file target.txt (compact mmCIF, C-alpha atoms)
# COMPACT_ATOMS: atom_id res chain seq x y z
CA MET A 41 0.00 0.00 0.00
CA SER A 42 1.28 3.49 -0.87
CA LEU A 43 -0.02 6.99 -0.29
CA ILE A 44 -1.16 9.10 -3.23
CA LEU A 45 -0.88 12.87 -3.55
CA LEU A 46 -4.34 13.45 -2.06
CA ASP A 47 -3.39 11.41 1.02
CA TRP A 48 -0.27 13.51 1.57
CA LEU A 49 -2.26 16.74 1.12
CA VAL A 50 -4.77 15.65 3.78
CA ILE A 51 -1.96 14.69 6.17
CA ALA A 52 -0.21 18.01 5.54
CA ALA A 53 -3.43 19.97 6.11
CA TYR A 54 -4.01 18.13 9.38
CA GLY A 55 -0.45 18.75 10.56
CA LEU A 56 -0.61 22.45 9.67
CA THR A 57 -3.92 22.82 11.48
CA ILE A 58 -2.49 21.28 14.65
CA ALA A 59 0.61 23.50 14.36
CA ALA A 60 -1.52 26.62 13.87
CA ILE A 61 -3.64 25.85 16.93
CA ALA A 62 -0.50 25.24 18.99
CA PHE A 63 1.10 28.49 17.79
CA LEU A 64 -1.96 30.58 18.64
CA LEU A 65 -2.40 29.06 22.09
CA VAL A 66 1.19 28.63 23.27
CA ARG A 67 1.52 32.31 24.17
CA LYS A 68 -1.32 32.08 26.69
CA ALA A 69 0.41 29.55 28.94
CA ASN A 70 2.57 32.17 30.68
CA THR A 71 1.94 31.09 34.29
CA ALA A 72 2.16 27.78 36.12
CA GLU A 73 -1.63 27.59 36.27
CA GLY A 74 -1.90 28.57 32.62
CA TYR A 75 0.63 25.93 31.61
CA PHE A 76 -0.52 22.98 33.71
CA LEU A 77 -4.26 23.72 33.97
CA ALA A 78 -5.07 26.06 31.06
CA GLY A 79 -5.82 28.83 33.55
CA ARG A 80 -8.64 26.75 35.08
CA SER A 81 -10.94 28.10 32.38
CA LEU A 82 -12.05 25.03 30.41
CA THR A 83 -15.71 24.39 29.69
CA TRP A 84 -17.37 21.00 29.49
CA PRO A 85 -17.27 20.34 25.70
CA PHE A 86 -13.48 20.67 25.61
CA ILE A 87 -13.01 18.72 28.84
CA GLY A 88 -15.17 15.88 27.53
CA ALA A 89 -13.49 15.79 24.13
CA SER A 90 -10.04 15.81 25.71
CA LEU A 91 -10.96 12.98 28.10
CA PHE A 92 -12.16 10.95 25.13
CA ALA A 93 -8.98 11.56 23.12
CA ALA A 94 -6.72 10.90 26.13
CA ASN A 95 -8.38 7.53 26.71
CA ILE A 96 -8.63 6.36 23.09
CA SER A 97 -5.19 5.68 21.65
CA ALA A 98 -3.36 3.39 19.24
CA GLU A 99 -3.67 0.42 21.57
CA HIS A 100 -7.45 0.62 21.17
CA PHE A 101 -7.35 0.70 17.38
CA VAL A 102 -4.87 -2.16 17.24
CA GLY A 103 -5.18 -4.24 20.42
CA LEU A 104 -8.80 -3.77 21.44
CA ALA A 105 -10.07 -3.90 17.87
CA GLY A 106 -8.07 -7.07 17.28
CA SER A 107 -9.50 -8.65 20.42
CA GLY A 108 -12.98 -7.68 19.29
CA TYR A 109 -12.37 -9.34 15.94
CA ALA A 110 -11.29 -12.53 17.68
CA ASP A 111 -13.65 -12.65 20.67
CA GLY A 112 -16.64 -10.48 19.82
CA MET A 113 -18.47 -7.61 21.47
CA ALA A 114 -17.74 -8.78 25.03
CA VAL A 115 -14.38 -7.04 24.67
CA GLY A 116 -16.27 -3.75 24.58
CA GLY A 117 -17.14 -4.25 28.22
CA PHE A 118 -13.80 -2.70 29.14
CA GLU A 119 -14.98 0.58 27.60
CA TRP A 120 -18.71 0.44 28.36
CA MET A 121 -17.91 0.01 32.05
CA ALA A 122 -16.44 3.51 32.00
CA VAL A 123 -20.04 4.75 32.28
CA PHE A 124 -20.00 3.43 35.84
CA CYS A 125 -16.30 3.98 36.53
CA LEU A 126 -16.77 7.73 36.08
CA VAL A 127 -19.37 7.90 38.85
CA PRO A 128 -16.76 7.90 41.68
CA LEU A 129 -14.89 10.72 39.91
CA ILE A 130 -18.00 12.82 39.38
CA MET A 131 -19.62 12.28 42.78
CA LEU A 132 -16.72 11.65 45.18
CA PHE A 133 -13.26 12.72 44.00
CA LEU A 134 -13.93 15.77 41.84
CA PRO A 135 -15.44 17.96 44.59
CA PHE A 136 -12.28 17.44 46.69
CA TYR A 137 -10.01 18.11 43.71
CA ILE A 138 -11.75 21.33 42.69
CA ARG A 139 -12.19 22.62 46.23
CA ASN A 140 -8.49 22.22 47.05
CA LYS A 141 -7.37 23.77 43.71
CA ILE A 142 -4.65 21.19 43.27
CA TYR A 143 -2.43 20.73 40.22
CA THR A 144 -1.81 16.98 40.45
CA VAL A 145 -3.22 13.89 42.13
CA PRO A 146 0.05 13.30 44.06
CA GLU A 147 -0.27 16.82 45.46
CA PHE A 148 -3.71 15.94 46.81
CA LEU A 149 -2.35 12.74 48.37
CA GLU A 150 0.35 14.73 50.14
CA GLN A 151 -2.26 17.09 51.59
CA ARG A 152 -4.41 14.16 52.67
CA PHE A 153 -1.66 11.81 53.91
CA SER A 154 2.07 12.60 53.69
CA ARG A 155 4.93 13.50 51.37
CA GLY A 156 6.05 9.87 51.36
CA VAL A 157 2.71 8.77 49.91
CA ARG A 158 3.03 11.48 47.27
CA MET A 159 6.50 10.36 46.19
CA PHE A 160 5.55 6.67 46.13
CA PHE A 161 2.42 7.29 44.07
CA SER A 162 4.28 9.58 41.63
CA ALA A 163 6.98 6.97 41.02
CA PHE A 164 4.42 4.20 40.69
CA MET A 165 2.32 6.11 38.13
CA ILE A 166 5.37 7.10 36.07
CA VAL A 167 6.48 3.47 35.80
CA LEU A 168 2.92 2.33 35.10
CA SER A 169 2.42 4.98 32.42
CA VAL A 170 5.65 4.16 30.63
CA LEU A 171 5.24 0.38 30.73
CA ALA A 172 1.48 0.05 30.30
CA LYS A 173 0.42 3.01 28.15
CA VAL A 174 3.03 5.15 26.42
CA SER A 175 5.23 2.30 25.23
CA ILE A 176 2.24 0.26 24.05
CA SER A 177 0.70 3.23 22.23
CA LEU A 178 3.95 3.99 20.41
CA TRP A 179 4.48 0.34 19.52
CA ALA A 180 0.91 -0.07 18.26
CA SER A 181 1.17 3.03 16.07
CA ALA A 182 4.49 1.75 14.69
CA LEU A 183 2.86 -1.58 13.80
CA VAL A 184 0.11 0.22 11.87
CA PHE A 185 2.54 2.28 9.80
CA GLU A 186 4.78 -0.71 9.20
CA ASN A 187 1.99 -3.00 8.00
CA LEU A 188 0.16 -0.41 5.92
CA LEU A 189 3.01 1.64 4.50
CA GLY A 190 6.15 -0.39 5.15
CA TRP A 191 7.71 2.27 7.38
CA ASP A 192 10.41 1.35 9.90
CA ARG A 193 9.01 0.77 13.38
CA LEU A 194 11.76 2.52 15.30
CA THR A 195 11.58 5.57 13.04
CA VAL A 196 7.84 5.87 13.56
CA ILE A 197 8.23 5.57 17.34
CA TRP A 198 10.81 8.37 17.42
CA ILE A 199 8.82 10.68 15.17
CA VAL A 200 5.52 10.22 16.99
CA GLY A 201 7.15 10.48 20.41
CA VAL A 202 9.25 13.57 19.66
CA VAL A 203 6.49 15.51 17.88
CA THR A 204 3.99 14.80 20.66
CA ALA A 205 6.49 15.72 23.37
CA VAL A 206 7.49 18.99 21.68
CA TYR A 207 4.04 20.51 21.29
CA THR A 208 2.94 19.22 24.70
CA MET A 209 5.94 20.65 26.58
CA LYS A 210 5.86 23.91 24.66
CA GLY A 211 2.16 24.67 24.88
CA GLY A 212 1.02 22.98 28.07
CA LEU A 213 -2.45 21.64 28.77
CA ARG A 214 -4.30 24.32 26.79
CA VAL A 215 -2.70 23.21 23.52
CA VAL A 216 -3.28 19.55 24.34
CA VAL A 217 -6.96 20.05 25.14
CA TYR A 218 -7.82 22.06 22.05
CA THR A 219 -5.95 19.73 19.72
CA ASP A 220 -7.65 16.82 21.49
CA ALA A 221 -11.02 18.40 20.66
CA LEU A 222 -10.10 18.42 16.98
CA GLN A 223 -8.83 14.85 17.09
CA THR A 224 -11.95 13.65 18.90
CA THR A 225 -14.10 15.09 16.13
CA LEU A 226 -12.00 13.32 13.50
CA LEU A 227 -12.03 10.04 15.44
CA LEU A 228 -15.80 10.00 15.80
CA VAL A 229 -16.48 11.02 12.20
CA ALA A 230 -13.98 8.46 10.88
CA ALA A 231 -15.46 5.72 13.08
CA VAL A 232 -18.96 6.37 11.77
CA VAL A 233 -17.77 6.48 8.14
CA LEU A 234 -15.69 3.30 8.44
CA THR A 235 -18.53 1.46 10.18
CA ALA A 236 -20.97 2.49 7.45
CA PHE A 237 -18.59 1.45 4.66
CA GLY A 238 -17.82 -1.84 6.39
CA LEU A 239 -21.47 -2.76 6.90
CA ARG A 240 -22.29 -1.80 3.33
CA ARG A 241 -19.44 -3.93 2.03
CA ILE A 242 -20.53 -7.02 3.95
CA GLY A 243 -24.23 -6.59 3.18
CA GLY A 244 -25.61 -4.94 6.30
CA TRP A 245 -26.02 -5.73 9.99
CA SER A 246 -28.05 -8.90 9.40
CA ALA A 247 -25.40 -10.26 7.03
CA LEU A 248 -22.72 -9.56 9.64
CA GLN A 249 -24.69 -11.46 12.29
CA ALA A 250 -25.27 -14.36 9.96
CA ARG A 251 -21.57 -14.63 9.13
CA LEU A 252 -20.23 -14.38 12.69
CA GLY A 253 -22.89 -16.09 14.78
CA SER A 254 -24.83 -14.89 17.80
CA ASP A 255 -22.07 -15.63 20.33
CA MET A 256 -19.88 -12.87 18.87
CA PHE A 257 -22.60 -10.32 19.66
CA SER A 258 -23.08 -11.30 23.28
CA MET A 259 -21.87 -8.58 25.67
CA VAL A 260 -22.13 -10.79 28.78
CA LYS A 261 -20.26 -14.09 28.91
CA PRO A 262 -20.78 -16.92 31.43
CA ALA A 263 -18.94 -16.78 34.75
CA THR A 264 -16.86 -19.75 33.58
CA HIS A 265 -15.59 -17.98 30.43
CA PRO A 266 -11.75 -18.09 30.43
CA ASP A 267 -11.22 -14.53 29.20
CA TYR A 268 -14.35 -12.44 29.89
CA PRO A 269 -16.31 -13.92 32.83
CA TRP A 270 -19.12 -11.57 33.76
CA PRO A 271 -18.14 -11.17 37.46
CA GLY A 272 -14.68 -10.01 36.42
CA MET A 273 -16.02 -7.75 33.69
CA PHE A 274 -18.48 -6.06 36.04
CA LEU A 275 -16.71 -5.97 39.39
CA GLY A 276 -13.05 -6.24 38.40
CA VAL A 277 -13.21 -3.74 35.57
CA PHE A 278 -15.23 -1.37 37.74
CA LEU A 279 -12.60 -1.36 40.50
CA VAL A 280 -9.64 -0.95 38.17
CA GLY A 281 -11.50 1.53 35.97
CA SER A 282 -12.53 3.67 38.92
CA PHE A 283 -8.87 4.05 39.86
CA TYR A 284 -7.97 4.79 36.23
CA TRP A 285 -10.60 7.52 35.75
CA SER A 286 -10.28 9.08 39.20
CA MET A 287 -6.53 8.89 39.93
CA ASP A 288 -4.65 8.78 36.62
CA GLN A 289 -3.08 12.22 36.22
CA VAL A 290 -3.16 12.03 32.41
CA LEU A 291 -6.96 11.92 32.52
CA VAL A 292 -8.02 13.90 35.56
CA GLN A 293 -5.73 16.84 34.78
CA ARG A 294 -8.32 17.79 32.16
CA VAL A 295 -10.97 17.96 34.86
CA PHE A 296 -8.72 19.94 37.21
CA ALA A 297 -8.70 22.67 34.55
CA ALA A 298 -12.48 23.11 34.65
CA LYS A 299 -13.89 26.58 35.23
CA ASP A 300 -15.90 25.20 38.15
CA LEU A 301 -17.19 21.95 39.60
CA ASN A 302 -20.28 21.88 37.39
CA GLU A 303 -18.25 22.25 34.18
CA GLY A 304 -15.94 19.46 35.31
CA ARG A 305 -18.81 17.11 36.04
CA LEU A 306 -20.55 17.88 32.76
CA GLY A 307 -17.30 17.29 30.88
CA ALA A 308 -16.92 13.83 32.38
CA ILE A 309 -20.44 12.76 31.36
CA PRO A 310 -21.25 13.24 27.64
CA PHE A 311 -18.11 12.02 25.94
CA ASN A 312 -17.18 9.07 28.13
CA GLU A 313 -16.99 6.13 25.74
CA ALA A 314 -19.26 7.94 23.26
call {"tool": "encode", "arguments": {"input": "target.txt", "output": "C-alpha cells"}}
result
Amino acid sequence: MSLILLDWLVIAAYGLTIAAIAFLLVRKANTAEGYFLAGRSLTWPFIGASLFAANISAEHFVGLAGSGYADGMAVGGFEWMAVFCLVPLIMLFLPFYIRNKIYTVPEFLEQRFSRGVRMFFSAFMIVLSVLAKVSISLWASALVFENLLGWDRLTVIWIVGVVTAVYTMKGGLRVVVYTDALQTTLLLVAAVVLTAFGLRRIGGWSALQARLGSDMFSMVKPATHPDYPWPGMFLGVFLVGSFYWSMDQVLVQRVFAAKDLNEGRLGAIPFNEA
C-alpha cells in the first residue's frame, strides 16, 4: 500500500492545522496555572473531548479492535464500564479536587496523607504509564505504519514520540486540550464512516450477524468464560476503571482545569466512551 498525492495533502493539512492551533495558544500559557491547567478556564465540551482523546489511543485501534475481531463484542465491556467507573470521579473525588485547587493527584495525596505517599504514588504512576500506556501506544502506532506503508518501526516511534512531546511541553495543557477536541471530532467522524462502509461492504447488519454467529454479539459471557467472565467484567473492571478515571493524572488533569465543579462534572459525562 502506498499513499497518493491526495493522502499527503490531507496529512499536511491536518499537521498544519495542529501546528496553527498550537502556535496561537502557546503564548497564553505564561503562568504555572496557565501551563498545567489552562488557567482553570475550560468548559465541558473541551473537557469531555479531551478525556475521550486521552483515553482512546493506538492500543485501542490495534489491540482492542483485534481482540474484538477474535472474541466479539464482550471485549467492549472494558470501555462500556467507563459509564460506571466515572461515577466515583463525578460524585466523590472531583469535589475534593476542585475545592483544594490542586495541580496533580500526588499533590492531593500529600495534603491528605504525607509527602512519602506522594513520592511513592508519583513513582508508581510514572512506571505504570511508561510500561502500560506510552510504550504500548507507540508500539501499536508503529505496527500500523509498518503494516500499511512499510515504514520502519523505530523511526515511527521516534517521530511520533518527539512531535507529541514537543508541542505538549511547549504549549502545556491548553494546547493539548484544544488539539484533542479536533482529534476527537475526527475520530468520531472516521469511526462512523468506516462502520458504514464496512457494513455496506458485507451486506448490512443482518449479514454480519449471519456470518459471525450470535455468540460474537453477546456482551455478557458466562462466569466460567476463560477470558471475559461476567463477574470479572463487572466488578473487576469497575474497581480498576474507577482508579484509572479518578486517579490517573493524564486523565483527571483535564478535569482539574475546569472553570468550576459543574463544568468538570458535565465534561466527564457526555463524551465518556461515546
call {"tool": "residues_near_point", "arguments": {"input": "target.txt", "point": "(-9.4, 9.7, 39.5)", "cutoff": "8 Å", "atoms": "only C-alpha atoms", "output": "number ranges by chain"}}
result
A: 128-129, 133-134, 145, 282-289, 291-292
call {"tool": "closest_residue", "arguments": {"input": "target.txt", "among": "A:Arg193, A:Gly112, A:Ile166, A:Gly117", "to": "Gly253 of chain A", "atoms": "only C-alpha atoms"}}
result
A:Gly112
call {"tool": "closest_residue", "arguments": {"input": "target.txt", "among": "A:Gly190, A:Gly272, A:Met209, A:Ala297", "to": "Val260 of chain A", "atoms": "all atoms listed in the file"}}
result
A:Gly272
call {"tool": "atom_distance", "arguments": {"input": "target.txt", "atom1": "atom CA of Phe124 of chain A", "atom2": "atom CA of Lys173 of chain A"}}
result
21.8 Å
call {"tool": "residues_near_point", "arguments": {"input": "target.txt", "point": "(-8.8, 21.8, 35.7)", "cutoff": "8 Å", "atoms": "all atoms listed in the file", "output": "list in words"}}
result
Leu77, Ala78, Gly79, Arg80, Ser81, Leu82, Ile138, Tyr143, Val292, Gln293, Arg294, Val295, Phe296, Ala297, Ala298, Lys299 and Gly304 of chain A
call {"tool": "atom_distance", "arguments": {"input": "target.txt", "atom1": "atom CA of Trp198 of chain A", "atom2": "atom CA of Leu178 of chain A"}}
result
8.7 Å
call {"tool": "atom_distance", "arguments": {"input": "target.txt", "atom1": "atom CA of Leu228 of chain A", "atom2": "atom CA of Val123 of chain A"}}
result
17.8 Å
call {"tool": "residues_around", "arguments": {"input": "target.txt", "residues": "Ala94 of chain A", "least_positions_apart": "3", "cutoff": "8 Å", "atoms": "all atoms listed in the file", "output": "list in words"}}
result
Ser90, Leu91, Ser97, Asp220, Val290 and Leu291 of chain A
call {"tool": "closest_residue", "arguments": {"input": "target.txt", "among": "A:Leu188, A:Met259, A:Leu252, A:Ala105", "to": "Trp120 of chain A", "atoms": "all atoms listed in the file"}}
result
A:Met259
call {"tool": "closest_residue", "arguments": {"input": "target.txt", "among": "A:Ile87, A:Val277, A:Met159, A:Glu73", "to": "Ala221 of chain A", "atoms": "only C-alpha atoms"}}
result
A:Ile87
call {"tool": "closest_residue", "arguments": {"input": "target.txt", "among": "A:Ala114, A:Leu183, A:Cys125, A:Met165", "to": "Ser254 of chain A", "atoms": "all atoms listed in the file"}}
result
A:Ala114
call {"tool": "residues_around", "arguments": {"input": "target.txt", "residues": "Pro271 of chain A", "least_positions_apart": "4", "cutoff": "10 Å", "atoms": "only C-alpha atoms", "output": "PDB file with C-alpha atoms, keeping the file's coordinate frame"}}
result
ATOM      1  CA  VAL A 260     -22.130 -10.790  28.780  1.00  0.00           C
ATOM      2  CA  LYS A 261     -20.260 -14.090  28.910  1.00  0.00           C
ATOM      3  CA  PRO A 262     -20.780 -16.920  31.430  1.00  0.00           C
ATOM      4  CA  ALA A 263     -18.940 -16.780  34.750  1.00  0.00           C
ATOM      5  CA  THR A 264     -16.860 -19.750  33.580  1.00  0.00           C
ATOM      6  CA  LEU A 275     -16.710  -5.970  39.390  1.00  0.00           C
ATOM      7  CA  GLY A 276     -13.050  -6.240  38.400  1.00  0.00           C
ATOM      8  CA  VAL A 277     -13.210  -3.740  35.570  1.00  0.00           C
TER       9      VAL A 277
END
call {"tool": "closest_residue", "arguments": {"input": "target.txt", "among": "A:Gly88, A:Gly244, A:Pro266, A:Gly201", "to": "Asp111 of chain A", "atoms": "all atoms listed in the file"}}
result
A:Pro266
call {"tool": "decode", "arguments": {"input": "target.txt", "residues": "segment 49-61 of chain A", "atoms": "N, CA and C atoms", "output": "mmCIF file, in the first residue's frame"}}
result
data_model
loop_
_atom_site.group_PDB
_atom_site.id
_atom_site.type_symbol
_atom_site.label_atom_id
_atom_site.label_comp_id
_atom_site.auth_asym_id
_atom_site.auth_seq_id
_atom_site.Cartn_x
_atom_site.Cartn_y
_atom_site.Cartn_z
ATOM 1 N N LEU A 49 -1.680 15.400 0.942
ATOM 2 C CA LEU A 49 -2.257 16.737 1.123
ATOM 3 C C LEU A 49 -3.150 16.772 2.365
ATOM 4 N N VAL A 50 -3.913 15.717 2.582
ATOM 5 C CA VAL A 50 -4.768 15.648 3.777
ATOM 6 C C VAL A 50 -3.917 15.596 5.040
ATOM 7 N N ILE A 51 -2.861 14.790 5.011
ATOM 8 C CA ILE A 51 -1.963 14.693 6.165
ATOM 9 C C ILE A 51 -1.293 16.038 6.446
ATOM 10 N N ALA A 52 -0.852 16.710 5.385
ATOM 11 C CA ALA A 52 -0.210 18.014 5.544
ATOM 12 C C ALA A 52 -1.181 19.050 6.107
ATOM 13 N N ALA A 53 -2.429 19.028 5.613
ATOM 14 C CA ALA A 53 -3.431 19.967 6.113
ATOM 15 C C ALA A 53 -3.714 19.732 7.588
ATOM 16 N N TYR A 54 -3.778 18.466 7.969
ATOM 17 C CA TYR A 54 -4.009 18.132 9.376
ATOM 18 C C TYR A 54 -2.850 18.600 10.247
ATOM 19 N N GLY A 55 -1.623 18.332 9.796
ATOM 20 C CA GLY A 55 -0.447 18.752 10.556
ATOM 21 C C GLY A 55 -0.357 20.260 10.693
ATOM 22 N N LEU A 56 -0.655 20.978 9.624
ATOM 23 C CA LEU A 56 -0.612 22.447 9.667
ATOM 24 C C LEU A 56 -1.696 23.002 10.587
ATOM 25 N N THR A 57 -2.851 22.368 10.600
ATOM 26 C CA THR A 57 -3.923 22.821 11.481
ATOM 27 C C THR A 57 -3.524 22.663 12.947
ATOM 28 N N ILE A 58 -2.957 21.511 13.281
ATOM 29 C CA ILE A 58 -2.486 21.280 14.653
ATOM 30 C C ILE A 58 -1.406 22.294 15.022
ATOM 31 N N ALA A 59 -0.474 22.544 14.099
ATOM 32 C CA ALA A 59 0.612 23.498 14.355
ATOM 33 C C ALA A 59 0.068 24.905 14.550
ATOM 34 N N ALA A 60 -0.938 25.281 13.755
ATOM 35 C CA ALA A 60 -1.518 26.624 13.866
ATOM 36 C C ALA A 60 -2.218 26.806 15.215
ATOM 37 N N ILE A 61 -2.972 25.784 15.633
ATOM 38 C CA ILE A 61 -3.644 25.850 16.934
ATOM 39 C C ILE A 61 -2.614 25.986 18.055
#
